[in-house]
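A.B. asks: Starting off with a structure, shown below.
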Amino acid sequence: MRPIFRPLPFASAVLAAAGLLAACTTTQPYPKEYAACYERVQQHAAQLMPVFAALGYRMEPDVRLDEDMVNNRGFRAPDDVLGDAIPNGRIRLRPSRVCASESLARAVLAHEMAHVALQHRGVRGTGVTLAWEKPPQQEIEADGLALKVLRQAGGYPGAVTYVACRLGSCVKAPAVNRAAPPQPGR
Ligand SMILES: [Zn+2]
C-alpha cells in the first residue's frame with residue numbers, strides 16, 4: 001500500500017468558490033475538535049515558510065482544516081484526498097486524515113505549500129490509495145520542493161521519509177512498505 005496523489009478534477013476552479021465562501025461565512029478555519037491540531041499545523045507552516053523564502057519562494061499560506069473539502073461544484077472531495085491548495089495560498093488539509101500523525105500533517109502541508117510556491121494551477125488533491133502510480137509532473141515538482149524544504153527545516157524524519165517515499169527514494173519491502181505512514185482507518 002503506497003501513498004500517492006490522486007487527481008481532484010475540480011480543484012482548479014476552487015478559487016472562485018473560496019472567494020464566495022469567504023465573503024459570506026465567518027466560521028473558524030477548523031472544526032472545533034481539531035483546535036490543537038490546527039495550532040500545530042500553523043506552527044509547522046510558520047516554521048516552513050522561512051525555508052521556502054530562503055529558497056526564493058515568498059508566500060503567506062492560509063492553512064485551514066476542512067473535513068469536507070467541497071469543490072467549486074459543491075461536491076465533497078473523495079475520502080482519500082488529504083489536502084489541496086490554490087495559487088493564492090489557501091491550503092486545506094483534511095483533519096480526520098492528517099491530524100492523527102504529526103509527521104503526515106507536516107508532509108502534506110509541505111507538499112501543498114510547495115504547490116503554492118510553484119504557483120501550480122489545477123493542483124491535484126493529495127490522497128492515499130492502494131496502488132503506486134506515477135504522479136503527474138506537478139506532483140513530482142511539489143514533492144521535490146517539499147522534500148528539500150523539509151530536509152532544510154530539519155526534524156520530523158517521518159515527514160521527510162513520507163515525501164521521499166512518494167518520490168521513490170526509500171527502501172521498499174516486497175509486500176509492506178515499512179517507511180510508509182500508517183494508513184488511516186476508513
Ligand atoms: Zn499535490
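Ligands are numbered from 1 in the order shown, residues from 1 within each chain, and chains are lettered A, B, ... in the order they appear in the C-alpha cells.
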Can you list, as a VMD selection string, every protein, DNA or RNA residue that comes within 9 Å of Glu102 in chain A when you count only C-alpha atoms, leaving out same-chain residues fewer than 3 positions away?
C.D. replies: chain A and resid 37 40 to 41 98 to 99 105 to 107 156 158 to 159
A.B. asks: Could you work out how far CA of Val63 in chain A lies from CA of Arg90 in chain A, giving the answer in Å with one decimal?
C.D. replies: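 Straight-line distance from CA of Arg90 in chain A to CA of Val63 in chain A works out to 6.0 Å.
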A.B. asks: Find, counting only C-alpha atoms and all ligand atoms, the residue in A:Pro157, A:Pro29, A:Pro136, A:Gly168 that gets nearest to ligand 1.
C.D. replies: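 Closest residue, counting only C-alpha atoms and all ligand atoms: A:Pro136.
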A.B. asks: Considering only C-alpha atoms, state which residue in the set A:Leu147, A:Leu118, A:Ile86, A:Val81 is at the smallest distance from Tyr162 in chain A.
C.D. replies: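 Of all the options, A:Leu147 lies closest to Tyr162 in chain A.
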A.B. asks: Report, in Å with one decimal, the straight-line distance from CA of Leu109 in chain A to CA of Leu48 in chain A.
C.D. replies: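 Computing the Euclidean distance for CA of Leu109 in chain A and CA of Leu48 in chain A yields 9.2 Å.
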A.B. asks: At what distance in Å, to one decimal, does CA of Gln119 in chain A lie from CA of Pro78 in chain A?
C.D. replies: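 Going from CA of Pro78 in chain A over to CA of Gln119 in chain A, I get 23.4 Å.
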A.B. asks: A:Gln138, A:Ser101, A:Gln43, A:Asn72: which is nearest ligand 1, counting only C-alpha atoms and all ligand atoms?
C.D. replies: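 Closest residue, counting only C-alpha atoms and all ligand atoms: A:Gln138.
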A.B. asks: Measuring between only C-alpha atoms, which one of A:Val163, A:Val70, A:Met59, A:Met113 shows the shortest distance to Ile140 in chain A?
C.D. replies: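 The closest residue to Ile140 in chain A is A:Val163.
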A.B. asks: Excluding Val160 in chain A and residues on its chain fewer than 2 positions from it, collect all residues at most 12 Å away from it, counting only C-alpha atoms, and give them as a PyMOL selection string.
C.D. replies: chain A and resi 102-111+143-158+162-167+169-170+179-181
